[in-house]
Amino acid sequence: MEQISVIGSGTMGNGIAHVFAQNGFKVNLIDISQDALDRALKTIGKNLDRMVAKEKIDEATKNATLENITTHTDLKTGVSDADLVVEAATENVNIKLKIFEDLEAFTKPSCILASNTSSIPITKIGAVTKRPDKVIGMHFMNPVPVMKLVEVIRGYATSDEVTSLIMETSKKLGKVPTEVNDYPGFIANRILMPMINEAIISLHESVAGVEEIDTVMKLGMAHPMGPLQLADFIGLDVCLSIMNVLYEGFGNPKYAPCPLLVNMVTAGYLGVKSGEGFYSWGHGTKELIVSDQFKK
């Protein structure tokens, strides 16, 4: 595989484009907004500058990486010559299914179609195409240029050949791929999100405060970031969406999202992206300041 198309230029999309381009792949980065694409290229440039400053790459590698990326606002044009498409659009099942229906029409038959979804079933995505054997999950972690894991999810019909090829391609990116099967939440979010939800329940039931919950998990369990802080970085709306996928997928009440999480999302307290969640982020993300609503 030489030509890669990445759909979506947000945090995950620009990171995925970055790592493919840095490792010598030609990348078409696709978004409906040219402004979003311009912001993505600026972000990639800043991340590369940071790597140069830390002497992880040289200036020539930075320039080559940027030259490997071409932007497109037209999906058909952006994927027509792709050997692999990685979809990194909004975590909305209807949006993703529409994209894959279009990819079936716009890509060459040999093209592998991957989704960066964190929870939506790969089997369901593959079912809207005529090539479910070539549909697979590539769940990168944020921030993509830094985090080593790629959760490779094979749908019910995904072939052994495609799975092996994506595992090898992930290794070429300097990542560590881990193969999992297609069940709600896969592995990463099936374990992570109930933990975050339980932390929110503990706060909701006044077992402990925001700082106390995060401190226990950081110092007691060696987590680099507490679950409530991590929820703010992920986005509380995303956390709620994934919990709903788990709840609906398993039909087990242990996966029911905490009412506090539901209320915060309804009220627009989404974490870093909205400026406030369990912590206040209006000052930036370096200092942890508990949101006024949770101060004792």
# chains A, B, ... in the order shown; residues from 1 in each chain; ligands from 1

$ residues_around --residues "Leu41 (chain A)" --least-positions-apart "6" --cutoff "9 Å" --atoms "only C-alpha atoms" --output "PyMOL selection string"
chain A and resi 9+14+66+69+71

$ closest_residue --among "A:His72, A:Lys42, A:Lys108, A:His139" --to "Met12 (chain A)" --atoms "only C-alpha atoms"
A:His139

$ atom_distance --atom1 "CA of Ile191 (chain A)" --atom2 "CA of Leu97 (chain A)"
25.3 Å

$ select_by_dssp --residues "region 6-169 of chain A" --states "strand (DSSP E or B)" --output "JSON, numbers by chain"
{"A": [6, 7, 26, 27, 28, 29, 30, 69, 70, 71, 72, 84, 85, 86, 87, 112, 113, 114, 115, 135, 136, 137, 138, 139, 140, 149, 150, 151, 152, 153, 154]}

$ residues_around --residues "region 123-136 of chain A" --least-positions-apart "2" --cutoff "8 Å" --atoms "only C-alpha atoms" --output "ChimeraX atom specification"
/A:96-97,100-101,104,109,111-115,120-121,138,152-159,162-163,182

$ write_last_selection --atoms "N, CA and C atoms" --output "PDB file, in the first residue's frame"
ATOM      1  N   LYS A  96     -21.077   7.832   9.741  1.00  0.00           N
ATOM      2  CA  LYS A  96     -20.094   6.838   9.315  1.00  0.00           C
ATOM      3  C   LYS A  96     -20.674   5.887   8.270  1.00  0.00           C
ATOM      4  N   LEU A  97     -21.893   5.447   8.458  1.00  0.00           N
ATOM      5  CA  LEU A  97     -22.491   4.524   7.491  1.00  0.00           C
ATOM      6  C   LEU A  97     -22.649   5.190   6.121  1.00  0.00           C
ATOM      7  N   PHE A 100     -19.256   5.242   4.388  1.00  0.00           N
ATOM      8  CA  PHE A 100     -18.848   3.947   3.842  1.00  0.00           C
ATOM      9  C   PHE A 100     -19.692   3.540   2.637  1.00  0.00           C
ATOM     10  N   GLU A 101     -20.928   3.960   2.598  1.00  0.00           N
ATOM     11  CA  GLU A 101     -21.727   3.743   1.388  1.00  0.00           C
ATOM     12  C   GLU A 101     -21.104   4.481   0.205  1.00  0.00           C
ATOM     13  N   GLU A 104     -17.822   2.833  -0.965  1.00  0.00           N
ATOM     14  CA  GLU A 104     -18.072   1.659  -1.810  1.00  0.00           C
ATOM     15  C   GLU A 104     -18.175   2.077  -3.271  1.00  0.00           C
ATOM     16  N   PRO A 109     -12.069  -1.414  -6.286  1.00  0.00           N
ATOM     17  CA  PRO A 109     -12.516  -2.619  -5.569  1.00  0.00           C
ATOM     18  C   PRO A 109     -11.476  -3.208  -4.617  1.00  0.00           C
ATOM     19  N   CYS A 111      -9.433  -1.570  -2.718  1.00  0.00           N
ATOM     20  CA  CYS A 111      -9.146  -0.660  -1.599  1.00  0.00           C
ATOM     21  C   CYS A 111      -9.685  -1.225  -0.281  1.00  0.00           C
ATOM     22  N   ILE A 112      -8.851  -1.164   0.750  1.00  0.00           N
ATOM     23  CA  ILE A 112      -9.260  -1.564   2.098  1.00  0.00           C
ATOM     24  C   ILE A 112      -9.880  -0.355   2.792  1.00  0.00           C
ATOM     25  N   LEU A 113     -10.999  -0.578   3.461  1.00  0.00           N
ATOM     26  CA  LEU A 113     -11.729   0.492   4.129  1.00  0.00           C
ATOM     27  C   LEU A 113     -11.634   0.300   5.641  1.00  0.00           C
ATOM     28  N   ALA A 114     -11.002   1.248   6.320  1.00  0.00           N
ATOM     29  CA  ALA A 114     -10.819   1.159   7.764  1.00  0.00           C
ATOM     30  C   ALA A 114     -11.539   2.297   8.459  1.00  0.00           C
ATOM     31  N   SER A 115     -11.970   2.034   9.683  1.00  0.00           N
ATOM     32  CA  SER A 115     -12.601   3.074  10.502  1.00  0.00           C
ATOM     33  C   SER A 115     -11.830   3.233  11.799  1.00  0.00           C
ATOM     34  N   ILE A 120     -18.330   1.913  17.438  1.00  0.00           N
ATOM     35  CA  ILE A 120     -19.363   1.466  16.498  1.00  0.00           C
ATOM     36  C   ILE A 120     -18.932   0.150  15.836  1.00  0.00           C
ATOM     37  N   PRO A 121     -19.798  -0.858  15.809  1.00  0.00           N
ATOM     38  CA  PRO A 121     -19.411  -2.184  15.306  1.00  0.00           C
ATOM     39  C   PRO A 121     -18.891  -2.157  13.870  1.00  0.00           C
ATOM     40  N   MET A 138      -9.302   0.419  12.657  1.00  0.00           N
ATOM     41  CA  MET A 138      -7.964   0.859  13.079  1.00  0.00           C
ATOM     42  C   MET A 138      -8.177   1.946  14.122  1.00  0.00           C
ATOM     43  N   VAL A 152      -6.691  -3.070  16.426  1.00  0.00           N
ATOM     44  CA  VAL A 152      -7.138  -3.544  15.112  1.00  0.00           C
ATOM     45  C   VAL A 152      -8.345  -4.450  15.313  1.00  0.00           C
ATOM     46  N   ILE A 153      -9.495  -3.984  14.829  1.00  0.00           N
ATOM     47  CA  ILE A 153     -10.750  -4.706  15.075  1.00  0.00           C
ATOM     48  C   ILE A 153     -11.216  -5.385  13.793  1.00  0.00           C
ATOM     49  N   ARG A 154     -11.340  -6.698  13.843  1.00  0.00           N
ATOM     50  CA  ARG A 154     -11.832  -7.408  12.669  1.00  0.00           C
ATOM     51  C   ARG A 154     -13.324  -7.677  12.822  1.00  0.00           C
ATOM     52  N   GLY A 155     -14.080  -7.266  11.807  1.00  0.00           N
ATOM     53  CA  GLY A 155     -15.503  -7.539  11.785  1.00  0.00           C
ATOM     54  C   GLY A 155     -15.768  -9.007  11.531  1.00  0.00           C
ATOM     55  N   TYR A 156     -17.033  -9.377  11.559  1.00  0.00           N
ATOM     56  CA  TYR A 156     -17.412 -10.789  11.389  1.00  0.00           C
ATOM     57  C   TYR A 156     -16.916 -11.341  10.054  1.00  0.00           C
ATOM     58  N   ALA A 157     -16.885 -10.483   9.017  1.00  0.00           N
ATOM     59  CA  ALA A 157     -16.506 -10.948   7.681  1.00  0.00           C
ATOM     60  C   ALA A 157     -15.104 -10.520   7.260  1.00  0.00           C
ATOM     61  N   THR A 158     -14.392  -9.784   8.096  1.00  0.00           N
ATOM     62  CA  THR A 158     -13.052  -9.312   7.725  1.00  0.00           C
ATOM     63  C   THR A 158     -12.124 -10.495   7.476  1.00  0.00           C
ATOM     64  N   SER A 159     -11.407 -10.459   6.353  1.00  0.00           N
ATOM     65  CA  SER A 159     -10.569 -11.593   5.971  1.00  0.00           C
ATOM     66  C   SER A 159      -9.260 -11.633   6.767  1.00  0.00           C
ATOM     67  N   VAL A 162      -6.611  -9.349   4.999  1.00  0.00           N
ATOM     68  CA  VAL A 162      -6.726  -7.913   5.295  1.00  0.00           C
ATOM     69  C   VAL A 162      -6.258  -7.618   6.718  1.00  0.00           C
ATOM     70  N   THR A 163      -6.626  -8.483   7.650  1.00  0.00           N
ATOM     71  CA  THR A 163      -6.195  -8.287   9.036  1.00  0.00           C
ATOM     72  C   THR A 163      -4.679  -8.313   9.142  1.00  0.00           C
ATOM     73  N   ASP A 182     -14.914  -8.073  17.173  1.00  0.00           N
ATOM     74  CA  ASP A 182     -15.902  -6.992  17.070  1.00  0.00           C
ATOM     75  C   ASP A 182     -17.062  -7.183  18.048  1.00  0.00           C
TER      76      ASP A 182
END

$ residues_around --residues "Val262 (chain A)" --least-positions-apart "5" --cutoff "9 Å" --atoms "only C-alpha atoms" --output "ChimeraX atom specification"
/A:236-237,240,257,267

$ write_last_selection --atoms "all heavy atoms" --output "compact mmCIF listing (two decimals), in the first residue's frame"
# COMPACT_ATOMS: atom_id res chain seq x y z
N LEU A 236 -17.00 14.68 27.20
CA LEU A 236 -18.04 13.96 27.91
C LEU A 236 -19.14 13.46 26.98
O LEU A 236 -19.78 12.44 27.25
CB LEU A 236 -18.64 14.85 29.01
CG LEU A 236 -17.65 15.38 30.07
CD1 LEU A 236 -18.40 15.99 31.24
CD2 LEU A 236 -16.72 14.29 30.56
N ASP A 237 -19.33 14.16 25.87
CA ASP A 237 -20.31 13.69 24.88
C ASP A 237 -19.86 12.38 24.24
O ASP A 237 -20.67 11.47 24.01
CB ASP A 237 -20.55 14.76 23.81
CG ASP A 237 -19.27 15.27 23.16
OD1 ASP A 237 -18.18 15.16 23.77
OD2 ASP A 237 -19.35 15.82 22.04
N LEU A 240 -20.35 9.61 26.83
CA LEU A 240 -21.76 9.23 26.91
C LEU A 240 -22.16 8.38 25.71
O LEU A 240 -22.86 7.36 25.86
CB LEU A 240 -22.64 10.49 26.98
CG LEU A 240 -24.14 10.25 26.99
CD1 LEU A 240 -24.56 9.38 28.17
CD2 LEU A 240 -24.90 11.59 27.02
N PRO A 257 -25.19 4.73 31.59
CA PRO A 257 -24.43 5.94 31.91
C PRO A 257 -24.96 6.63 33.16
O PRO A 257 -26.17 6.65 33.40
CB PRO A 257 -24.60 6.81 30.66
CG PRO A 257 -25.83 6.29 29.98
CD PRO A 257 -25.90 4.83 30.31
N ALA A 267 -26.40 19.77 29.33
CA ALA A 267 -26.19 21.19 29.67
C ALA A 267 -25.02 21.81 28.91
O ALA A 267 -24.79 23.03 29.02
CB ALA A 267 -25.95 21.33 31.17

$ select_by_dssp --residues "region 109-199 of chain A" --states "alpha helix (DSSP H)" --output "ChimeraX atom specification"
/A:122-126,160-172,188-199

$ residues_around --residues "Val245 (chain A)" --least-positions-apart "6" --cutoff "10 Å" --atoms "only C-alpha atoms" --output "list in words"
Ser119, Ile120, Pro121, Pro184, Gly185, Arg190, Cys239, Gly251, Tyr255 and Ala256 of chain A

$ write_last_selection --atoms "all heavy atoms" --output "PDB file, in the first residue's frame"
ATOM      1  N   SER A 119     -16.135   2.751  19.020  1.00  0.00           N
ATOM      2  CA  SER A 119     -17.183   1.922  19.610  1.00  0.00           C
ATOM      3  C   SER A 119     -18.178   1.338  18.615  1.00  0.00           C
ATOM      4  O   SER A 119     -18.834   0.337  18.918  1.00  0.00           O
ATOM      5  CB  SER A 119     -17.967   2.734  20.658  1.00  0.00           C
ATOM      6  OG  SER A 119     -18.597   3.849  20.050  1.00  0.00           O
ATOM      7  N   ILE A 120     -18.330   1.913  17.438  1.00  0.00           N
ATOM      8  CA  ILE A 120     -19.363   1.466  16.498  1.00  0.00           C
ATOM      9  C   ILE A 120     -18.932   0.150  15.836  1.00  0.00           C
ATOM     10  O   ILE A 120     -17.804   0.039  15.361  1.00  0.00           O
ATOM     11  CB  ILE A 120     -19.637   2.552  15.442  1.00  0.00           C
ATOM     12  CG1 ILE A 120     -20.177   3.819  16.122  1.00  0.00           C
ATOM     13  CG2 ILE A 120     -20.619   2.062  14.383  1.00  0.00           C
ATOM     14  CD1 ILE A 120     -20.217   5.041  15.236  1.00  0.00           C
ATOM     15  N   PRO A 121     -19.798  -0.858  15.809  1.00  0.00           N
ATOM     16  CA  PRO A 121     -19.411  -2.184  15.306  1.00  0.00           C
ATOM     17  C   PRO A 121     -18.891  -2.157  13.870  1.00  0.00           C
ATOM     18  O   PRO A 121     -19.522  -1.585  12.975  1.00  0.00           O
ATOM     19  CB  PRO A 121     -20.708  -2.990  15.402  1.00  0.00           C
ATOM     20  CG  PRO A 121     -21.510  -2.290  16.458  1.00  0.00           C
ATOM     21  CD  PRO A 121     -21.184  -0.836  16.323  1.00  0.00           C
ATOM     22  N   PRO A 184     -19.143  -4.843  21.378  1.00  0.00           N
ATOM     23  CA  PRO A 184     -19.323  -3.441  21.792  1.00  0.00           C
ATOM     24  C   PRO A 184     -18.169  -2.907  22.642  1.00  0.00           C
ATOM     25  O   PRO A 184     -17.789  -3.512  23.641  1.00  0.00           O
ATOM     26  CB  PRO A 184     -20.630  -3.482  22.596  1.00  0.00           C
ATOM     27  CG  PRO A 184     -21.404  -4.604  21.972  1.00  0.00           C
ATOM     28  CD  PRO A 184     -20.364  -5.647  21.625  1.00  0.00           C
ATOM     29  N   GLY A 185     -17.614  -1.775  22.199  1.00  0.00           N
ATOM     30  CA  GLY A 185     -16.532  -1.132  22.920  1.00  0.00           C
ATOM     31  C   GLY A 185     -15.171  -1.735  22.663  1.00  0.00           C
ATOM     32  O   GLY A 185     -14.160  -1.229  23.142  1.00  0.00           O
ATOM     33  N   ARG A 190     -14.268  -0.856  26.266  1.00  0.00           N
ATOM     34  CA  ARG A 190     -15.071  -1.751  27.107  1.00  0.00           C
ATOM     35  C   ARG A 190     -14.535  -1.739  28.544  1.00  0.00           C
ATOM     36  O   ARG A 190     -15.287  -1.902  29.506  1.00  0.00           O
ATOM     37  CB  ARG A 190     -15.039  -3.169  26.541  1.00  0.00           C
ATOM     38  CG  ARG A 190     -15.881  -4.160  27.354  1.00  0.00           C
ATOM     39  CD  ARG A 190     -16.025  -5.472  26.623  1.00  0.00           C
ATOM     40  NE  ARG A 190     -16.774  -6.442  27.404  1.00  0.00           N
ATOM     41  CZ  ARG A 190     -17.182  -7.624  26.937  1.00  0.00           C
ATOM     42  NH1 ARG A 190     -16.901  -7.953  25.683  1.00  0.00           N
ATOM     43  NH2 ARG A 190     -17.850  -8.458  27.691  1.00  0.00           N
ATOM     44  N   CYS A 239     -17.825  10.196  25.723  1.00  0.00           N
ATOM     45  CA  CYS A 239     -17.963   9.186  26.785  1.00  0.00           C
ATOM     46  C   CYS A 239     -19.398   8.687  26.885  1.00  0.00           C
ATOM     47  O   CYS A 239     -19.642   7.474  27.000  1.00  0.00           O
ATOM     48  CB  CYS A 239     -17.527   9.775  28.138  1.00  0.00           C
ATOM     49  SG  CYS A 239     -15.767  10.171  28.248  1.00  0.00           S
ATOM     50  N   GLY A 251     -27.104  -4.836  26.774  1.00  0.00           N
ATOM     51  CA  GLY A 251     -28.367  -4.888  27.501  1.00  0.00           C
ATOM     52  C   GLY A 251     -28.173  -5.148  28.981  1.00  0.00           C
ATOM     53  O   GLY A 251     -29.058  -5.697  29.643  1.00  0.00           O
ATOM     54  N   TYR A 255     -23.769  -1.112  32.475  1.00  0.00           N
ATOM     55  CA  TYR A 255     -23.219  -0.170  31.506  1.00  0.00           C
ATOM     56  C   TYR A 255     -24.069   1.102  31.365  1.00  0.00           C
ATOM     57  O   TYR A 255     -23.773   1.941  30.518  1.00  0.00           O
ATOM     58  CB  TYR A 255     -23.074  -0.842  30.141  1.00  0.00           C
ATOM     59  CG  TYR A 255     -22.074  -1.970  30.109  1.00  0.00           C
ATOM     60  CD1 TYR A 255     -22.485  -3.288  29.923  1.00  0.00           C
ATOM     61  CD2 TYR A 255     -20.716  -1.725  30.278  1.00  0.00           C
ATOM     62  CE1 TYR A 255     -21.572  -4.330  29.900  1.00  0.00           C
ATOM     63  CE2 TYR A 255     -19.788  -2.764  30.254  1.00  0.00           C
ATOM     64  CZ  TYR A 255     -20.223  -4.061  30.065  1.00  0.00           C
ATOM     65  OH  TYR A 255     -19.311  -5.091  30.044  1.00  0.00           O
ATOM     66  N   ALA A 256     -25.101   1.239  32.157  1.00  0.00           N
ATOM     67  CA  ALA A 256     -25.959   2.436  32.060  1.00  0.00           C
ATOM     68  C   ALA A 256     -25.155   3.679  32.427  1.00  0.00           C
ATOM     69  O   ALA A 256     -24.478   3.712  33.456  1.00  0.00           O
ATOM     70  CB  ALA A 256     -27.157   2.303  32.986  1.00  0.00           C
TER      71      ALA A 256
END

$ residues_around --residues "Ala21 (chain A)" --least-positions-apart "3" --cutoff "8 Å" --atoms "only C-alpha atoms" --output "list of chain:residue names"
A:Ala17, A:His18, A:Gly24, A:Phe25, A:Lys26, A:Val27, A:Thr65, A:Leu66, A:Asn68, A:Ile69

$ write_last_selection --atoms "N, CA and C atoms" --output "tab-separated table (two decimals), in the first residue's frame"
chain	number	residue	atom	x	y	z
A	17	ALA	N	-3.05	11.20	9.67
A	17	ALA	CA	-2.38	11.66	8.45
A	17	ALA	C	-0.89	11.92	8.72
A	18	HIS	N	-0.61	12.54	9.85
A	18	HIS	CA	0.77	12.85	10.25
A	18	HIS	C	1.63	11.60	10.28
A	24	GLY	N	6.47	7.82	5.16
A	24	GLY	CA	6.71	7.67	3.74
A	24	GLY	C	5.50	7.40	2.87
A	25	PHE	N	4.31	7.34	3.45
A	25	PHE	CA	3.10	7.13	2.66
A	25	PHE	C	2.61	8.45	2.07
A	26	LYS	N	2.04	8.39	0.89
A	26	LYS	CA	1.37	9.55	0.31
A	26	LYS	C	-0.05	9.60	0.89
A	27	VAL	N	-0.45	10.76	1.38
A	27	VAL	CA	-1.71	10.88	2.12
A	27	VAL	C	-2.60	11.96	1.51
A	65	THR	N	7.53	15.07	5.28
A	65	THR	CA	6.22	14.69	5.84
A	65	THR	C	5.13	15.60	5.31
A	66	LEU	N	5.37	16.89	5.37
A	66	LEU	CA	4.37	17.87	4.89
A	66	LEU	C	4.14	17.73	3.39
A	68	ASN	N	4.20	15.06	1.74
A	68	ASN	CA	3.45	13.82	1.49
A	68	ASN	C	1.95	13.98	1.68
A	69	ILE	N	1.51	15.13	2.19
A	69	ILE	CA	0.09	15.35	2.49
A	69	ILE	C	-0.54	16.29	1.47

$ decode --residues "region 23-92 of chain A" --atoms "C-alpha atoms" --output "mmCIF file, in the first residue's frame"
data_model
loop_
_atom_site.group_PDB
_atom_site.id
_atom_site.type_symbol
_atom_site.label_atom_id
_atom_site.label_comp_id
_atom_site.auth_asym_id
_atom_site.auth_seq_id
_atom_site.Cartn_x
_atom_site.Cartn_y
_atom_site.Cartn_z
ATOM 1 C CA ASN A 23 6.560 7.100 7.479
ATOM 2 C CA GLY A 24 6.707 7.667 3.736
ATOM 3 C CA PHE A 25 3.098 7.128 2.660
ATOM 4 C CA LYS A 26 1.367 9.546 0.311
ATOM 5 C CA VAL A 27 -1.707 10.882 2.116
ATOM 6 C CA ASN A 28 -4.874 12.564 0.891
ATOM 7 C CA LEU A 29 -6.426 14.355 3.880
ATOM 8 C CA ILE A 30 -10.137 14.938 3.291
ATOM 9 C CA ASP A 31 -12.641 17.229 5.000
ATOM 10 C CA ILE A 32 -15.723 19.151 3.890
ATOM 11 C CA SER A 33 -14.129 22.393 5.157
ATOM 12 C CA GLN A 34 -10.968 23.906 3.673
ATOM 13 C CA ASP A 35 -10.576 25.976 6.841
ATOM 14 C CA ALA A 36 -10.511 22.751 8.878
ATOM 15 C CA LEU A 37 -7.887 21.322 6.521
ATOM 16 C CA ASP A 38 -5.765 24.450 6.859
ATOM 17 C CA ARG A 39 -5.967 24.194 10.661
ATOM 18 C CA ALA A 40 -4.990 20.529 10.443
ATOM 19 C CA LEU A 41 -1.883 21.292 8.386
ATOM 20 C CA LYS A 42 -0.950 24.015 10.865
ATOM 21 C CA THR A 43 -1.332 21.552 13.750
ATOM 22 C CA ILE A 44 0.760 18.927 11.961
ATOM 23 C CA GLY A 45 3.417 21.551 11.284
ATOM 24 C CA LYS A 46 3.539 22.560 14.952
ATOM 25 C CA ASN A 47 3.793 18.934 16.059
ATOM 26 C CA LEU A 48 6.635 18.337 13.612
ATOM 27 C CA ASP A 49 8.411 21.491 14.825
ATOM 28 C CA ARG A 50 8.174 20.124 18.361
ATOM 29 C CA MET A 51 9.732 16.861 17.215
ATOM 30 C CA VAL A 52 12.552 18.732 15.489
ATOM 31 C CA ALA A 53 13.183 20.771 18.655
ATOM 32 C CA LYS A 54 13.432 17.524 20.661
ATOM 33 C CA GLU A 55 15.774 16.091 17.967
ATOM 34 C CA LYS A 56 13.423 13.181 17.286
ATOM 35 C CA ILE A 57 13.396 14.059 13.576
ATOM 36 C CA ASP A 58 15.412 16.438 11.379
ATOM 37 C CA GLU A 59 14.225 19.345 9.255
ATOM 38 C CA ALA A 60 14.357 17.243 6.079
ATOM 39 C CA THR A 61 11.981 14.662 7.575
ATOM 40 C CA LYS A 62 9.607 17.428 8.644
ATOM 41 C CA ASN A 63 9.545 18.885 5.125
ATOM 42 C CA ALA A 64 9.127 15.472 3.499
ATOM 43 C CA THR A 65 6.225 14.687 5.839
ATOM 44 C CA LEU A 66 4.372 17.869 4.894
ATOM 45 C CA GLU A 67 5.057 17.262 1.189
ATOM 46 C CA ASN A 68 3.453 13.820 1.492
ATOM 47 C CA ILE A 69 0.085 15.346 2.488
ATOM 48 C CA THR A 70 -2.421 16.682 -0.045
ATOM 49 C CA THR A 71 -5.756 18.147 1.061
ATOM 50 C CA HIS A 72 -9.158 17.611 -0.569
ATOM 51 C CA THR A 73 -12.687 18.846 0.087
ATOM 52 C CA ASP A 74 -14.226 16.432 -2.438
ATOM 53 C CA LEU A 75 -14.543 12.859 -1.154
ATOM 54 C CA LYS A 76 -14.627 11.184 -4.580
ATOM 55 C CA THR A 77 -11.470 12.914 -5.755
ATOM 56 C CA GLY A 78 -9.705 12.273 -2.468
ATOM 57 C CA VAL A 79 -10.261 8.498 -2.396
ATOM 58 C CA SER A 80 -10.281 7.491 -6.061
ATOM 59 C CA ASP A 81 -6.677 6.227 -6.071
ATOM 60 C CA ALA A 82 -6.473 5.048 -2.455
ATOM 61 C CA ASP A 83 -5.104 1.647 -1.463
ATOM 62 C CA LEU A 84 -6.352 2.225 2.097
ATOM 63 C CA VAL A 85 -8.945 4.655 3.434
ATOM 64 C CA VAL A 86 -8.979 5.469 7.143
ATOM 65 C CA GLU A 87 -12.217 7.133 8.220
ATOM 66 C CA ALA A 88 -11.830 9.425 11.248
ATOM 67 C CA ALA A 89 -15.063 11.410 11.088
ATOM 68 C CA THR A 90 -17.380 12.297 13.971
ATOM 69 C CA GLU A 91 -18.351 9.338 16.191
ATOM 70 C CA ASN A 92 -21.888 9.224 14.790
#
